[in-house]
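Undergrad: Supplied in structure tokens, the structure appears directly below.
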Amino acid sequence: MKITVQMLFVVLVASMLGIAQTPVSTAGALYPKPVEMKLLVLAGDGTEASFAAIQVFLNYTGIPYDKVLTASQPIPPLSDGKKGFYQGIILATGSLAYQDKGTFKAGMTTENWIILDAYCKDYRVRLASYYTFPEVRFGMQLADVVTAPTTIQLLPAAAQIFPYLNPENPIKFASAYAYLAKPVAAVGETTTPLMEINGVTAGVIHTKPDGREYMALTMDHNPSLLHSMALYYGVFNWVTKGVFIGEHRVYFSPQNDDLFLPNRLFVSYIEACRPTTFVVDQNTEALLQCPPLRLTGTDLRAVREWQQEWNLSPQLKNFRITMAYNAYGSTAKAGTKADDSLVRESLLSLDAFYWLSHTYDHKNLDCYSKN
């Protein structure tokens, strides 16, 4: 799809107004009618862990959304016939099931599906199901269930949706359930697997003959799980066709431990580094003859100047290293001189780094008696 200056201007103005007139889509599809740049999030009764994850990640990204609990609320109007009120729809689970007096009920009734299907078809709006039982509606059939820790492997089709992830590195999957699926597709439909668990499909893009597009992931989520944190941005970016209010933010702050304390150099080929005693328990530490090494003020200044060079880039202007320090190493009791260069340079660097206490003197707290 060729993007012209005029199209970019329209997208910019639309973003300011909160309406996507001509969004740029990674799949090349356009909305036939205007839609508001806001998502509709549907859940059963709101207790779903995947619903919590969706809200945390949407709030983190800054994408506006309305949430509806179908166990107690009707689906709101989706359009006025001229303009759509939502640019995408996300389901917490495929059927929005919830418990009512010990019985599971489906929050996605036939009437609900008729409403959503018509809107997705008429306005070319995409729908993503965050935690999905494999069923024909989503182009899948159940193959198995996974509960043990394993990994998620991205397939080639996922490259356009999750370009920020390295497909060579599987994503750790643990502390959640996942359904394994067999892709299926009726005449005129297409089902494209995106990822696998144990070599079996665990996420697809499914397209209907009338142009409706579904993304369905078969693993559960919560805000703190690694796979949830890795996949959420690709899901949001896909369902909004690459244009949304908000931003994708990645926080990067490397941490340097034990500032002010010396450490010993372990170099195997140096005779002096062989230990004279190596009996270690809660009362005895290993005695080593390895030479100690402690940073100098010159070293810290070099790190600060290195960081300042990175800060010249607009994308990294707020980048800071976290200095985890042990204050004991800055005192005379530890043998530090009054004119110690590392202490002086640290005082000059108070605004340059994040500072984090790493305990005062780094004692092994596991060795203390309860008495």
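Naming scheme: A, B, ... for chains in displayed order of the structure tokens; residues 1 onward per chain; ligands 1 onward as shown.
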So that I can check the surroundings of Tyr328 of chain A, please list as a tab-separated table (two decimals) with all heavy atoms, in the first residue's frame every protein, DNA and RNA residue that reaches within 12 Å of it, counting only C-alpha atoms and ignoring chain neighbours fewer than 2 positions away.
TA:
chain	number	residue	atom	x	y	z
A	258	ASP	N	26.18	-2.60	43.72
A	258	ASP	CA	27.30	-2.56	44.67
A	258	ASP	C	28.25	-1.39	44.45
A	258	ASP	O	29.46	-1.51	44.69
A	258	ASP	CB	28.08	-3.88	44.64
A	258	ASP	CG	27.22	-5.08	44.96
A	258	ASP	OD1	26.15	-4.88	45.55
A	258	ASP	OD2	27.61	-6.20	44.60
A	259	LEU	N	27.73	-0.25	44.00
A	259	LEU	CA	28.59	0.92	43.87
A	259	LEU	C	29.19	1.27	45.24
A	259	LEU	O	28.49	1.22	46.25
A	259	LEU	CB	27.80	2.11	43.34
A	259	LEU	CG	28.63	3.36	43.03
A	259	LEU	CD1	29.53	3.11	41.83
A	259	LEU	CD2	27.74	4.57	42.78
A	260	PHE	N	30.46	1.64	45.26
A	260	PHE	CA	31.29	1.98	46.41
A	260	PHE	C	32.01	0.78	47.00
A	260	PHE	O	33.03	0.95	47.68
A	260	PHE	CB	30.50	2.68	47.54
A	260	PHE	CG	29.89	3.99	47.15
A	260	PHE	CD1	28.55	4.24	47.39
A	260	PHE	CD2	30.65	4.97	46.51
A	260	PHE	CE1	27.98	5.44	47.02
A	260	PHE	CE2	30.08	6.18	46.15
A	260	PHE	CZ	28.75	6.41	46.39
A	261	LEU	N	31.53	-0.44	46.78
A	261	LEU	CA	32.20	-1.60	47.34
A	261	LEU	C	33.23	-2.15	46.35
A	261	LEU	O	33.01	-2.16	45.14
A	261	LEU	CB	31.21	-2.71	47.67
A	261	LEU	CG	30.20	-2.44	48.80
A	261	LEU	CD1	29.35	-3.67	49.02
A	261	LEU	CD2	30.91	-2.04	50.09
A	262	PRO	N	34.35	-2.65	46.86
A	262	PRO	CA	35.31	-3.32	45.97
A	262	PRO	C	34.86	-4.76	45.72
A	262	PRO	O	34.04	-5.31	46.45
A	262	PRO	CB	36.61	-3.28	46.78
A	262	PRO	CG	36.14	-3.33	48.20
A	262	PRO	CD	34.84	-2.54	48.23
A	325	TYR	N	23.63	1.28	45.23
A	325	TYR	CA	24.85	1.56	45.98
A	325	TYR	C	24.80	0.98	47.39
A	325	TYR	O	23.75	0.75	47.96
A	325	TYR	CB	25.07	3.08	46.07
A	325	TYR	CG	23.98	3.80	46.83
A	325	TYR	CD1	24.09	4.02	48.21
A	325	TYR	CD2	22.84	4.27	46.18
A	325	TYR	CE1	23.09	4.67	48.92
A	325	TYR	CE2	21.84	4.93	46.88
A	325	TYR	CZ	21.97	5.13	48.24
A	325	TYR	OH	20.98	5.77	48.94
A	326	ASN	N	25.99	0.73	47.93
A	326	ASN	CA	26.18	0.30	49.31
A	326	ASN	C	26.96	1.41	50.02
A	326	ASN	O	28.17	1.54	49.82
A	326	ASN	CB	26.92	-1.03	49.38
A	326	ASN	CG	26.18	-2.12	48.62
A	326	ASN	OD1	26.50	-2.39	47.47
A	326	ASN	ND2	25.20	-2.72	49.25
A	330	SER	N	31.53	4.04	51.13
A	330	SER	CA	31.91	5.44	50.95
A	330	SER	C	32.40	6.06	52.26
A	330	SER	O	32.68	7.26	52.31
A	330	SER	CB	30.72	6.25	50.43
A	330	SER	OG	29.69	6.31	51.40
A	331	THR	N	32.49	5.25	53.32
A	331	THR	CA	32.83	5.78	54.65
A	331	THR	C	34.29	5.52	55.01
A	331	THR	O	34.95	4.63	54.45
A	331	THR	CB	31.94	5.14	55.72
A	331	THR	OG1	32.23	3.73	55.80
A	331	THR	CG2	30.47	5.33	55.38
A	332	ALA	N	34.76	6.29	55.99
A	332	ALA	CA	36.12	6.11	56.47
A	332	ALA	C	36.30	4.75	57.12
A	332	ALA	O	37.36	4.14	57.07
A	332	ALA	CB	36.46	7.22	57.46
A	333	LYS	N	35.23	4.22	57.75
A	333	LYS	CA	35.29	2.91	58.39
A	333	LYS	C	35.65	1.82	57.38
A	333	LYS	O	36.28	0.82	57.71
A	333	LYS	CB	33.96	2.61	59.07
A	333	LYS	CG	33.96	1.32	59.88
A	333	LYS	CD	32.60	1.06	60.52
A	333	LYS	CE	32.31	2.12	61.57
A	333	LYS	NZ	31.06	1.79	62.33
A	334	ALA	N	35.22	2.03	56.15
A	334	ALA	CA	35.53	1.05	55.10
A	334	ALA	C	36.89	1.32	54.47
A	334	ALA	O	37.29	0.63	53.53
A	334	ALA	CB	34.46	1.10	54.04
A	335	GLY	N	37.59	2.33	54.99
A	335	GLY	CA	38.90	2.63	54.45
A	335	GLY	C	38.89	3.67	53.36
A	335	GLY	O	39.91	3.93	52.71
A	336	THR	N	37.72	4.31	53.12
A	336	THR	CA	37.62	5.32	52.09
A	336	THR	C	38.21	6.64	52.59
A	336	THR	O	37.90	7.08	53.70
A	336	THR	CB	36.15	5.54	51.70
A	336	THR	OG1	35.60	4.30	51.28
A	336	THR	CG2	36.02	6.55	50.58
A	343	VAL	N	33.54	8.97	45.48
A	343	VAL	CA	32.53	9.70	46.25
A	343	VAL	C	32.31	11.08	45.66
A	343	VAL	O	31.17	11.53	45.49
A	343	VAL	CB	32.95	9.80	47.73
A	343	VAL	CG1	31.99	10.71	48.50
A	343	VAL	CG2	32.98	8.41	48.38
A	357	SER	N	19.14	2.22	46.99
A	357	SER	CA	19.85	1.60	48.10
A	357	SER	C	19.89	0.09	47.91
A	357	SER	O	18.87	-0.56	47.68
A	357	SER	CB	19.15	1.93	49.43
A	357	SER	OG	19.75	1.21	50.48
A	358	HIS	N	21.09	-0.48	48.05
A	358	HIS	CA	21.28	-1.92	47.89
A	358	HIS	C	21.74	-2.52	49.22
A	358	HIS	O	22.61	-3.39	49.25
A	358	HIS	CB	22.30	-2.18	46.78
A	358	HIS	CG	22.24	-3.55	46.22
A	358	HIS	ND1	23.34	-4.37	46.10
A	358	HIS	CD2	21.19	-4.28	45.75
A	358	HIS	CE1	22.99	-5.53	45.58
A	358	HIS	NE2	21.69	-5.50	45.36
A	359	THR	N	21.13	-2.08	50.31
A	359	THR	CA	21.50	-2.32	51.70
A	359	THR	C	22.77	-1.55	52.02
A	359	THR	O	23.56	-1.21	51.13
A	359	THR	CB	21.68	-3.82	52.07
A	359	THR	OG1	22.89	-4.30	51.51
A	359	THR	CG2	20.50	-4.63	51.59
A	360	TYR	N	23.00	-1.30	53.30
A	360	TYR	CA	24.10	-0.42	53.71
A	360	TYR	C	25.46	-1.05	53.45
A	360	TYR	O	26.34	-0.46	52.82
A	360	TYR	CB	23.94	-0.08	55.19
A	360	TYR	CG	25.08	0.74	55.75
A	360	TYR	CD1	25.30	2.04	55.29
A	360	TYR	CD2	25.92	0.22	56.73
A	360	TYR	CE1	26.35	2.80	55.81
A	360	TYR	CE2	26.96	0.98	57.24
A	360	TYR	CZ	27.17	2.26	56.78
A	360	TYR	OH	28.20	3.00	57.28
A	361	ASP	N	25.65	-2.30	53.92
A	361	ASP	CA	26.99	-2.88	53.81
A	361	ASP	C	27.00	-4.26	53.16
A	361	ASP	O	28.01	-4.96	53.17
A	361	ASP	CB	27.65	-2.95	55.17
A	361	ASP	CG	26.80	-3.71	56.19
A	361	ASP	OD1	25.72	-4.17	55.80
A	361	ASP	OD2	27.22	-3.81	57.35
A	362	HIS	N	25.86	-4.69	52.63
A	362	HIS	CA	25.80	-5.93	51.86
A	362	HIS	C	26.10	-7.17	52.70
A	362	HIS	O	26.72	-8.13	52.22
A	362	HIS	CB	26.75	-5.89	50.66
A	362	HIS	CG	26.19	-6.60	49.45
A	362	HIS	ND1	25.78	-7.90	49.48
A	362	HIS	CD2	25.98	-6.19	48.17
A	362	HIS	CE1	25.35	-8.26	48.28
A	362	HIS	NE2	25.45	-7.24	47.48
A	363	LYS	N	25.65	-7.17	53.94
A	363	LYS	CA	25.79	-8.38	54.75
A	363	LYS	C	24.89	-9.48	54.20
A	363	LYS	O	23.84	-9.20	53.61
A	363	LYS	CB	25.41	-8.10	56.20
A	363	LYS	CG	26.38	-7.21	56.94
A	363	LYS	CD	27.71	-7.88	57.16
A	363	LYS	CE	28.63	-7.00	58.03
A	363	LYS	NZ	29.96	-7.62	58.21
Undergrad: Taking 3 positions as the minimum chain separation for residues in the same chain, which residues sit within 10 Å of segment 110-117 of chain A when counting only C-alpha atoms? Answer as a ChimeraX atom specification.
TA: /A:70,74-78,89,95,106-107,120-122,124-127,210,212-213
Undergrad: Could the residues in this selection be saved with C-alpha atoms as a PDB file, in the first residue's frame?
TA:
ATOM      1  CA  THR A  70     -22.347  -8.774  29.194  1.00  0.00           C
ATOM      2  CA  PRO A  74     -26.278  -4.998  27.032  1.00  0.00           C
ATOM      3  CA  ILE A  75     -23.897  -4.332  24.175  1.00  0.00           C
ATOM      4  CA  PRO A  76     -24.027  -0.569  23.544  1.00  0.00           C
ATOM      5  CA  PRO A  77     -24.951   0.994  20.172  1.00  0.00           C
ATOM      6  CA  LEU A  78     -22.023   0.471  17.823  1.00  0.00           C
ATOM      7  CA  ILE A  89     -13.408  -4.973  19.489  1.00  0.00           C
ATOM      8  CA  SER A  95     -17.708 -16.816  24.629  1.00  0.00           C
ATOM      9  CA  ALA A 106     -22.103 -17.794  27.793  1.00  0.00           C
ATOM     10  CA  GLY A 107     -22.098 -14.013  27.739  1.00  0.00           C
ATOM     11  CA  CYS A 120     -17.516  -5.862  11.842  1.00  0.00           C
ATOM     12  CA  LYS A 121     -18.813  -6.546   8.330  1.00  0.00           C
ATOM     13  CA  ASP A 122     -20.287  -3.111   7.591  1.00  0.00           C
ATOM     14  CA  ARG A 124     -14.566  -3.468   8.436  1.00  0.00           C
ATOM     15  CA  VAL A 125     -13.750  -3.510  12.145  1.00  0.00           C
ATOM     16  CA  ARG A 126     -11.473  -6.227  13.482  1.00  0.00           C
ATOM     17  CA  LEU A 127     -12.215  -8.406  16.499  1.00  0.00           C
ATOM     18  CA  ASP A 210     -17.645 -11.366   3.899  1.00  0.00           C
ATOM     19  CA  ARG A 212     -14.641 -10.104   8.752  1.00  0.00           C
ATOM     20  CA  GLU A 213     -11.302 -10.645  10.495  1.00  0.00           C
TER      21      GLU A 213
END
Undergrad: Find the distance between atom CA of Val250 of chain A and atom CA of Asn318 of chain A and write it in Å to one decimal.
TA: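 Rounded to one decimal, the two atoms are 11.7 Å apart.
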Undergrad: Work out how far atom CA of Ala159 of chain A is from atom CA of Lys182 of chain A, in Å to one decimal.
TA: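 Result for atom CA of Lys182 of chain A versus atom CA of Ala159 of chain A: 20.7 Å, one decimal.
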Undergrad: Counting only C-alpha atoms, what is within 12 Å of segment 308-314 of chain A, bar same-chain residues fewer than 4 positions away, as a PyMOL selection string?
TA: chain A and resi 301-304+318-321+349+351-353
Undergrad: DSSP on the backbone, then: every residue of segment 67-199 of chain A marked helix (DSSP H, G or I), written as a list in words.
TA: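 The helix (DSSP H, G or I) subset of segment 67-199 of chain A is Thr110, Glu111, Asn112, Trp113, Ile114, Ile115, Leu116, Asp117, Ala118, Tyr119, Cys120, Lys121, Asp122, Tyr123, Val136, Arg137, Phe138, Pro156, Ala157, Ala158, Ala159 and Gln160 of chain A.
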Undergrad: Work out how far apart atom CA of Lys172 of chain A and atom CA of Met195 of chain A are and give it in Å to one decimal.
TA: 12.8 Å
Undergrad: Let me make sure I understand: among A:Leu96, A:Leu58, A:Val235, A:Ala324, which one has the smallest atom-to-atom distance to Met215 of chain A if we use only C-alpha atoms?
TA: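 Under the stated criterion, the closest residue is A:Val235.
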Undergrad: Considering only C-alpha atoms, return as an NGL selection string whatever protein or nucleic-acid residues lie within 8 Å of Pro64 of chain A, sequence-local ones (same chain, fewer than 3 positions apart) excluded.
TA: :A and (37-39 or 58-59 or 245)
Undergrad: May I have all residues of segment 79-111 of chain A that DSSP, computed from the backbone, assigns to strand (DSSP E or B), given as a list in words?
TA: Ser79, Gly84, Gly88, Ile89, Ile90, Leu91, Tyr98, Gln99, Asp100, Thr103, Phe104 and Lys105 of chain A
Undergrad: Determine the nearest neighbour of Val145 of chain A from the options A:Leu265, A:Ala43, A:Ala338, A:Ala178, counting only C-alpha atoms.
TA: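 Distance minimum relative to Val145 of chain A lands on A:Ala178.
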Undergrad: Determine, counting only C-alpha atoms, which protein, DNA and RNA residues have an atom within 9 Å of an atom of Asn222 of chain A; residues of the same chain fewer than 6 positions away are not included. Present the result as a list in words.
TA: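 Final neighbour list, sorted by chain and number: Glu48, Ala49, Ser50, Phe51, Ala52, Ala53, Ile54, Ala176, Ser228 and Met229 of chain A.
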